[in-house]
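Just below is one structure, and these are the notes that go with it.
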Amino acid sequence: MKILLIQPPIQDFYNTNIRLQPIGLAYLKSVIKKHFQEMDILIKDYHHGWGRKTVQLPKELADLEPFYLHQDKSPFALFNRYYHFGASVETIAREVVHYAPDLVGISSQFTPYYREVLDTASAIKKVWSGSILVGGSHASADPLSLLNHPDVDFVILGQGERPIVEFIKQWRSEKAFSKVPNLGYKKNGQLKFNEKENNFPIDDLPFPDFYDFNPSKYRFQNRPLCFVITSRGCPYQCTFCSVHQTFGNQFRQRSVRSIVEEINLRYAQGYRSFDFEDDSLNYDAEWFETLLKTLTDKFNGKDVAFLAMNGLHYLHLNQKILFLMKQAGFKSLNISLVSLNKQTCRMIKRPLNIKKYLSVVQHAFTLGFDMVCYQILGLPGEELTSMKDTLIYNARLPVRLGASPFYVTPGMPILKQFEGTSPINRIRARLTALGIESDEYEKEDIYTLLFTARIINFLKSLDIIQKDIPFQKLFDLEDRFDARVTVGMKLLRDLFNNQRLDAATSKGFVPITKFKPDLFFNIWNGLDYIQTLTGRKILINQYES
């Protein structure tokens with residue numbers, strides 16, 4: 001029996017190149033090989049490494065066209081063209097015919113790209129008559145959007161390792177699919193969904209099979225990158241997150257020994273950057289300390305970098321743990337404040353402790369961490385004033401601003417506030433859709449906040465020698481800056497002189513009409529200083545044209 005596991009292409013304004021390794025498919029391949037050693041299984045990543053091409057903006061996103069008009073080359077640029085990232089569905093279909101599998105599995109991880117999954121399935125079914133099985137986070141949260149399609153035969157909800165093993169057993173024998181846990185299927189024209197059951201114990205899962213991955217294809221800072229998963233589930237119940245639809249409510253951690261054995265294997269295979277893709281890597285402080293000490297002992301003096309790009313919760317960080325992280329090989333720190341507003345955090349069930357957050361930032365800065373702090377723009381019930389306050393607060397700290405608009409995905413507990421959600425909302429479940437408008441704010445406000453965060457990050461990244469420097473004095477240093485920074489400084493000069501923000505295009509500077517200068521200056525006037533990533537302060541005073 002031959003099985004082909006596919007990571008499909010996506011369509012969007014941008015692509016996150018360093019976070020595309022299909023580790024979920026690698027877990028499925030390894031567990032199938034463990035139980036059915038004779039099987040021929042191939043993973044094909046049709047998303048990463050196939051280039052991109054411009055495609056038409058879908059009608060569900062047509063309202064965004066005025067926001068992304070210009071091919072902006074400035075340091076503040078957001079997005080412009082809408083792309084297809086990955087192989088064409090026709091190419092995928094041809095390769096399926098060539099491989100001639102008995103079963104095709106397609107990963108459907110992210111809701112806004114579910115149509116690309118369906119397009120891939122349809123292209124395959126035009127030239128191949130086998131069955132298609134779909135799984136992943138979106139399949140878990142919104143299985144009907146996939147199984148209702150005539151070219152999708154099966155879906156797996158939740159964790160897929162045990163269900164796919166049981167599915168293959170039935171596939172090869174009596175085909176009694178009602179016995180397969182977590183499976184959705186079709187019978188006599190009806191959609192059937194079996195009960196969910198527990199997955200295999202987490203430490204019984206074999207290491208994900210990376211045989212089909214070229215280490216040079218997935219890179220971080222020019223090092224071969226691989227994902228590592230140390231736990232499943234999340235102990236928190238944030239209402240804006242749907243992770244429990246996939247992993248359930250139980251938080252499970254792997255043994256430190258197993259994790260280090262896997263990393264050692266990857267090191268031998270040529271990987272040098274290791275990204276922990278967990279939702280709650282540092283939840284158990286004692287366990288995390290043991291992991292960090294073991295990594296230090298095992299890889300001391302070796303060319304390795306450890307990352308946690310999915311983020312760490314600041315509540316479970318302290319000076320000791322940060323020191324151990326630095327010692328082990330972590331150089332960056334991704335943390336999430338979400339919002340300074342206590343009422344908002346209470347509503348979304350997100351813990352908030354400003355004193356603890358500030359302490360973590362200060363200790364991490366002292367240790368030399370490069371920090372990004374994330375803020376969600378446009379949470380339900382949050383006012384524009386609160387979003388501005390959070391942005392201003394982080395502008396004063398030595399962190400990059402990671403501002404991201406809120407969007408709704410199936411399975412979010414907060415979804416009940418958006419009754420009547422239509423299929424169109426699935427396509428808009430992306431940060432580029434600029435959030436959900438309310439009586440408190442509109443898309444132009446979120447758009448302006450994104451630009452404001454980009455401008456502040458630009459200033460934070462400047463190489464400034466002086467300890468404290470008035471903002472206006474930066475314009476006297478333009479001769480020191482490279483071409484990109486010089487363009488940014490010219491745009492800032494025009495913004496302050498003409499009360500408008502321009503895009504830097506091939507035809508010169510062009511006004512960005514959806515940017516709201518009044519909102520920008522309202523934020524700017526609330527700043528007394530901006531702290532750069534190196535701890536310097538840019539003093540904000542009255543700008544004189």
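Chain identifiers are assigned as A, B, and so on, following the order in which chains appear in the structure tokens; residues are numbered from 1 within each chain, and ligands are numbered from 1 in order of appearance.
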Next on the checklist: Among stretch 429-505 of chain A, which ones does DSSP assign to strand (DSSP E) (computed from the backbone)? Answer as number ranges by chain.
Outcome noted: A: 468-470, 502-505
Kindly provide the residues of stretch 215-305 of chain A that approach stretch 21-34 of chain A to within 10 Å, each paired with its closest atom pair and their distance in Å to one decimal, based on only C-alpha atoms, listed by chain and increasing number, as a Markdown table.
| residue | atom | partner | partner_atom | distance |
| --- | --- | --- | --- | --- |
| A:Lys217 | CA | A:Gln21 | CA | 9.2 |
| A:Tyr218 | CA | A:Gln21 | CA | 6.9 |
| A:Arg219 | CA | A:Gln21 | CA | 9.9 |
| A:Leu225 | CA | A:Gln21 | CA | 8.7 |
| A:Cys226 | CA | A:Gln21 | CA | 7.2 |
| A:Phe227 | CA | A:Ile23 | CA | 6.8 |
| A:Val228 | CA | A:Ile23 | CA | 8.2 |
| A:Ile229 | CA | A:Ile23 | CA | 8.8 |
| A:Glu277 | CA | A:Ile23 | CA | 9.7 |
Produce a file of the selected residues containing N, CA and C atoms, as an mmCIF file, in the first residue's frame.
data_model
loop_
_atom_site.group_PDB
_atom_site.id
_atom_site.type_symbol
_atom_site.label_atom_id
_atom_site.label_comp_id
_atom_site.auth_asym_id
_atom_site.auth_seq_id
_atom_site.Cartn_x
_atom_site.Cartn_y
_atom_site.Cartn_z
ATOM 1 N N LYS A 217 16.313 23.092 2.954
ATOM 2 C CA LYS A 217 15.094 23.747 2.462
ATOM 3 C C LYS A 217 14.447 24.636 3.516
ATOM 4 N N TYR A 218 14.527 24.233 4.769
ATOM 5 C CA TYR A 218 13.918 24.983 5.865
ATOM 6 C C TYR A 218 15.054 25.587 6.680
ATOM 7 N N ARG A 219 15.128 26.926 6.688
ATOM 8 C CA ARG A 219 16.297 27.559 7.289
ATOM 9 C C ARG A 219 15.875 28.724 8.185
ATOM 10 N N LEU A 225 16.763 24.385 9.757
ATOM 11 C CA LEU A 225 15.812 24.492 10.855
ATOM 12 C C LEU A 225 14.901 23.274 10.910
ATOM 13 N N CYS A 226 14.634 22.797 12.114
ATOM 14 C CA CYS A 226 13.599 21.772 12.276
ATOM 15 C C CYS A 226 12.720 22.123 13.462
ATOM 16 N N PHE A 227 11.475 21.659 13.387
ATOM 17 C CA PHE A 227 10.525 21.858 14.475
ATOM 18 C C PHE A 227 10.661 20.734 15.495
ATOM 19 N N VAL A 228 10.408 21.076 16.735
ATOM 20 C CA VAL A 228 10.356 20.095 17.816
ATOM 21 C C VAL A 228 9.092 20.374 18.619
ATOM 22 N N ILE A 229 8.357 19.336 18.957
ATOM 23 C CA ILE A 229 7.154 19.477 19.776
ATOM 24 C C ILE A 229 7.366 18.708 21.069
ATOM 25 N N GLU A 277 7.717 24.270 18.843
ATOM 26 C CA GLU A 277 6.430 24.772 18.345
ATOM 27 C C GLU A 277 5.283 24.520 19.332
#
Next on the checklist: Among stretch 155-266 of chain A, which residues does DSSP mark as helix (DSSP H, G or I) when it is run on the backbone? Keep the chain and numbering as in the structure and answer as a count of residues only.
Outcome noted: 32
Checklist outcome for this item: Between A:Val152, A:Leu340, A:Leu501, A:Leu78, smallest distance to A:Ser129 by only C-alpha atoms belongs to A:Val152
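Closest approach to A:Tyr283 among A:Gln327, A:Gln269, A:Gln319, A:Thr230 is made by A:Thr230 (distances from only C-alpha atoms).
If only C-alpha atoms are the atoms counted, then among A:Lys537, A:Lys356, A:Leu315, A:Tyr529 the closest residue to A:Ile465 is A:Lys537.
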Next on the checklist: Show me, as a VMD selection string, the residues that have an atom within 12 Å of A:His138 when counting only C-alpha atoms, minus same-chain residues fewer than 4 positions from it.
Outcome noted: chain A and resid 106 to 115 117 134 142 to 147 155 to 159 242 to 246 409 to 412 426 429
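Between atom CA of A:Ser461 and atom CA of A:Glu444 lies a distance of 25.8 Å.
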Item to check | Long-range neighbours of stretch 386-392 of chain A as a ChimeraX atom specification, 8 Å cut-off, only C-alpha atoms, 3 positions minimum in chain | outcome: /A:339-341,375,377-378,382-383,395-396,401,449,453,523,526-527
Write the residues of the preceding selection, restricted to C-alpha atoms, as a CSV table (one decimal), in the first residue's frame.
chain,number,residue,atom,x,y,z
A,339,SER,CA,-3.7,43.8,26.0
A,340,LEU,CA,-3.1,46.1,29.0
A,341,ASN,CA,-6.9,46.3,29.5
A,375,GLN,CA,-0.5,42.6,21.0
A,377,LEU,CA,-5.7,44.6,17.9
A,378,GLY,CA,-9.5,44.7,17.8
A,382,GLU,CA,-11.9,46.5,23.5
A,383,GLU,CA,-11.9,50.2,22.8
A,395,ALA,CA,7.0,51.4,22.7
A,396,ARG,CA,8.7,52.5,25.9
A,401,LEU,CA,6.0,45.5,18.6
A,449,LEU,CA,-2.1,51.0,14.2
A,453,ALA,CA,3.8,49.7,15.0
A,523,ILE,CA,-0.5,58.0,19.8
A,526,GLY,CA,1.1,60.1,24.1
A,527,LEU,CA,4.8,59.1,24.0
Residues near A:Asp445, anyone? I mean within 8 Å using only C-alpha atoms, not counting same-chain ones fewer than 6 positions away, as a JSON list (two decimals) with C-alpha atoms, in the first residue's frame.
[["chain", "number", "residue", "atom", "x", "y", "z"],
["A", 515, "PHE", "CA", -3.78, 55.88, 6.84],
["A", 516, "LYS", "CA", -5.27, 58.17, 9.52],
["A", 519, "LEU", "CA", -4.79, 58.62, 15.03]]
Item to check | Long-range neighbours of stretch 297-307 of chain A as a ChimeraX atom specification, 10 Å cut-off, only C-alpha atoms, 6 positions minimum in chain | outcome: /A:220-221,223-225,227-228,260-261,263-264,267,271-277,291,325-334
Keeping N, CA and C atoms for every residue in the selection just given, could you write it to a file as a tab-separated table (two decimals), in the first residue's frame?
chain	number	residue	atom	x	y	z
A	220	PHE	N	16.71	28.98	9.18
A	220	PHE	CA	16.57	30.15	10.04
A	220	PHE	C	17.95	30.76	10.20
A	221	GLN	N	18.09	32.01	9.78
A	221	GLN	CA	19.39	32.70	9.83
A	221	GLN	C	20.49	31.84	9.21
A	223	ARG	N	20.75	28.75	8.93
A	223	ARG	CA	20.97	27.43	9.53
A	223	ARG	C	19.80	26.52	9.18
A	224	PRO	N	20.05	25.25	8.90
A	224	PRO	CA	18.94	24.31	8.71
A	224	PRO	C	18.07	24.24	9.96
A	225	LEU	N	16.76	24.38	9.76
A	225	LEU	CA	15.81	24.49	10.85
A	225	LEU	C	14.90	23.27	10.91
A	227	PHE	N	11.48	21.66	13.39
A	227	PHE	CA	10.53	21.86	14.47
A	227	PHE	C	10.66	20.73	15.50
A	228	VAL	N	10.41	21.08	16.74
A	228	VAL	CA	10.36	20.10	17.82
A	228	VAL	C	9.09	20.37	18.62
A	260	VAL	N	15.50	15.33	24.10
A	260	VAL	CA	16.93	15.52	23.83
A	260	VAL	C	17.42	14.45	22.86
A	261	GLU	N	16.91	13.24	22.96
A	261	GLU	CA	17.27	12.20	21.99
A	261	GLU	C	16.86	12.61	20.58
A	263	ILE	N	16.40	15.72	19.43
A	263	ILE	CA	17.24	16.83	18.97
A	263	ILE	C	18.62	16.33	18.57
A	264	ASN	N	19.14	15.38	19.33
A	264	ASN	CA	20.44	14.80	18.99
A	264	ASN	C	20.40	14.11	17.63
A	267	TYR	N	20.37	16.79	15.01
A	267	TYR	CA	21.70	17.37	14.89
A	267	TYR	C	22.57	16.49	13.99
A	271	TYR	N	20.67	19.37	11.11
A	271	TYR	CA	19.91	20.53	11.57
A	271	TYR	C	20.69	21.26	12.67
A	272	ARG	N	20.57	22.59	12.67
A	272	ARG	CA	21.29	23.40	13.65
A	272	ARG	C	20.40	24.39	14.39
A	273	SER	N	19.22	24.69	13.86
A	273	SER	CA	18.24	25.54	14.55
A	273	SER	C	17.05	24.68	14.92
A	274	PHE	N	16.58	24.82	16.16
A	274	PHE	CA	15.51	23.97	16.67
A	274	PHE	C	14.42	24.85	17.26
A	275	ASP	N	13.27	24.83	16.61
A	275	ASP	CA	12.15	25.67	17.05
A	275	ASP	C	11.13	24.83	17.79
A	276	PHE	N	10.92	25.14	19.06
A	276	PHE	CA	9.90	24.45	19.85
A	276	PHE	C	8.54	25.06	19.51
A	277	GLU	N	7.72	24.27	18.84
A	277	GLU	CA	6.43	24.77	18.35
A	277	GLU	C	5.28	24.52	19.33
A	291	LEU	N	14.94	20.63	31.21
A	291	LEU	CA	15.19	20.58	29.77
A	291	LEU	C	16.35	21.51	29.40
A	325	MET	N	17.92	29.74	29.76
A	325	MET	CA	17.61	29.78	28.33
A	325	MET	C	18.79	30.34	27.54
A	326	LYS	N	19.34	31.42	28.04
A	326	LYS	CA	20.48	32.05	27.36
A	326	LYS	C	21.66	31.09	27.32
A	327	GLN	N	21.90	30.41	28.42
A	327	GLN	CA	23.00	29.47	28.51
A	327	GLN	C	22.82	28.31	27.54
A	328	ALA	N	21.57	27.88	27.35
A	328	ALA	CA	21.29	26.74	26.47
A	328	ALA	C	21.42	27.09	24.99
A	329	GLY	N	21.24	28.37	24.63
A	329	GLY	CA	21.37	28.76	23.23
A	329	GLY	C	20.18	29.52	22.67
A	330	PHE	N	19.26	29.95	23.53
A	330	PHE	CA	18.17	30.84	23.09
A	330	PHE	C	18.72	32.26	22.99
A	331	LYS	N	18.43	32.91	21.87
A	331	LYS	CA	18.87	34.29	21.69
A	331	LYS	C	17.69	35.26	21.56
A	332	SER	N	16.53	34.73	21.23
A	332	SER	CA	15.35	35.57	21.06
A	332	SER	C	14.27	35.13	22.03
A	333	LEU	N	13.34	36.04	22.28
A	333	LEU	CA	12.25	35.77	23.21
A	333	LEU	C	10.96	36.34	22.63
A	334	ASN	N	10.00	35.47	22.39
A	334	ASN	CA	8.69	35.88	21.91
A	334	ASN	C	7.69	35.74	23.05
Checklist entry - Hey, which of A:Gly435, A:Pro8, A:Pro405, A:Gly248 ends up closest to A:Glu90? Count only C-alpha atoms. => result A:Pro8
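Atom CA of A:Gly105 to atom CA of A:Phe200 spans 20.0 Å [interatomic distance, one decimal].
Using only C-alpha atoms for every distance, the candidate list A:Glu60, A:Asn148, A:Arg252, A:Gln466 yields A:Asn148 as the residue closest to A:Leu118.
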If you take only C-alpha atoms and a cut-off of 7 Å, which residues of stretch 81-181 of chain A touch stretch 38-56 of chain A, and what are their nearest atom pairs and distances in Å to one decimal, in chain and number order, as CSV?
residue,atom,partner,partner_atom,distance
A:Arg81,CA,A:Thr54,CA,6.6
A:Tyr82,CA,A:Thr54,CA,5.8
A:Tyr83,CA,A:Thr54,CA,4.4
A:His84,CA,A:Lys53,CA,5.3
A:Phe85,CA,A:Arg52,CA,4.5
A:Gly86,CA,A:His47,CA,4.1
A:Ala87,CA,A:Tyr46,CA,5.3
Kindly export the residues of the current selection with C-alpha atoms, as an mmCIF file, in the first residue's frame.
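The result, written out as out-v6.cif:
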data_model
loop_
_atom_site.group_PDB
_atom_site.id
_atom_site.type_symbol
_atom_site.label_atom_id
_atom_site.label_comp_id
_atom_site.auth_asym_id
_atom_site.auth_seq_id
_atom_site.Cartn_x
_atom_site.Cartn_y
_atom_site.Cartn_z
ATOM 1 C CA ARG A 81 -0.169 41.850 -4.147
ATOM 2 C CA TYR A 82 -2.155 38.688 -3.501
ATOM 3 C CA TYR A 83 -0.169 35.527 -4.239
ATOM 4 C CA HIS A 84 -0.435 31.795 -4.746
ATOM 5 C CA PHE A 85 2.424 30.326 -2.706
ATOM 6 C CA GLY A 86 3.405 26.854 -3.788
ATOM 7 C CA ALA A 87 2.896 24.428 -6.644
#
Find the residues around A:His313 up to 12 Å (only C-alpha atoms counted), leave out those fewer than 4 positions away in its own chain, and share them as a PDB file with C-alpha atoms, in the first residue's frame.
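Dumped everything to around13.pdb:
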ATOM      1  CA  CYS A 234      -2.690  23.938  26.559  1.00  0.00           C
ATOM      2  CA  PRO A 235      -3.548  24.466  30.234  1.00  0.00           C
ATOM      3  CA  TYR A 236      -5.081  27.870  29.501  1.00  0.00           C
ATOM      4  CA  ASP A 278       4.586  24.205  21.616  1.00  0.00           C
ATOM      5  CA  ASP A 279       1.649  26.205  22.916  1.00  0.00           C
ATOM      6  CA  SER A 280       2.960  26.065  26.502  1.00  0.00           C
ATOM      7  CA  LEU A 281       6.645  25.159  26.434  1.00  0.00           C
ATOM      8  CA  ASN A 282       7.473  26.801  29.766  1.00  0.00           C
ATOM      9  CA  TYR A 283       4.253  26.074  31.682  1.00  0.00           C
ATOM     10  CA  ASP A 284       5.966  23.620  34.063  1.00  0.00           C
ATOM     11  CA  ALA A 285       8.938  25.601  35.383  1.00  0.00           C
ATOM     12  CA  ALA A 308      10.274  29.257  20.646  1.00  0.00           C
ATOM     13  CA  MET A 309       8.597  31.189  17.840  1.00  0.00           C
ATOM     14  CA  LEU A 317       9.508  33.122  33.231  1.00  0.00           C
ATOM     15  CA  ASN A 318      11.915  34.502  35.808  1.00  0.00           C
ATOM     16  CA  LEU A 333      12.251  35.773  23.210  1.00  0.00           C
ATOM     17  CA  ASN A 334       8.689  35.876  21.907  1.00  0.00           C
ATOM     18  CA  ILE A 335       6.145  36.823  24.554  1.00  0.00           C
ATOM     19  CA  SER A 336       2.574  38.008  24.383  1.00  0.00           C
ATOM     20  CA  LEU A 337       0.965  40.791  26.376  1.00  0.00           C
ATOM     21  CA  VAL A 338      -2.234  40.747  24.234  1.00  0.00           C
ATOM     22  CA  ARG A 350      -6.151  35.705  29.531  1.00  0.00           C
ATOM     23  CA  PRO A 351      -4.017  36.151  32.695  1.00  0.00           C
ATOM     24  CA  LEU A 352      -2.579  39.659  33.113  1.00  0.00           C
ATOM     25  CA  ASN A 353       0.215  40.693  35.467  1.00  0.00           C
ATOM     26  CA  LYS A 356       5.573  40.362  36.214  1.00  0.00           C
ATOM     27  CA  TYR A 357       5.641  41.213  32.500  1.00  0.00           C
ATOM     28  CA  VAL A 360      10.622  39.590  32.592  1.00  0.00           C
ATOM     29  CA  VAL A 361      11.330  42.205  29.920  1.00  0.00           C
ATOM     30  CA  CYS A 373       6.009  41.279  22.298  1.00  0.00           C
ATOM     31  CA  TYR A 374       2.645  40.532  20.729  1.00  0.00           C
TER      32      TYR A 374
END
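Remark: for A:Cys241, the closest of the candidate residues A:Trp524, A:Phe406, A:Phe154, A:Phe471 is A:Phe406 (distances computed over only C-alpha atoms).
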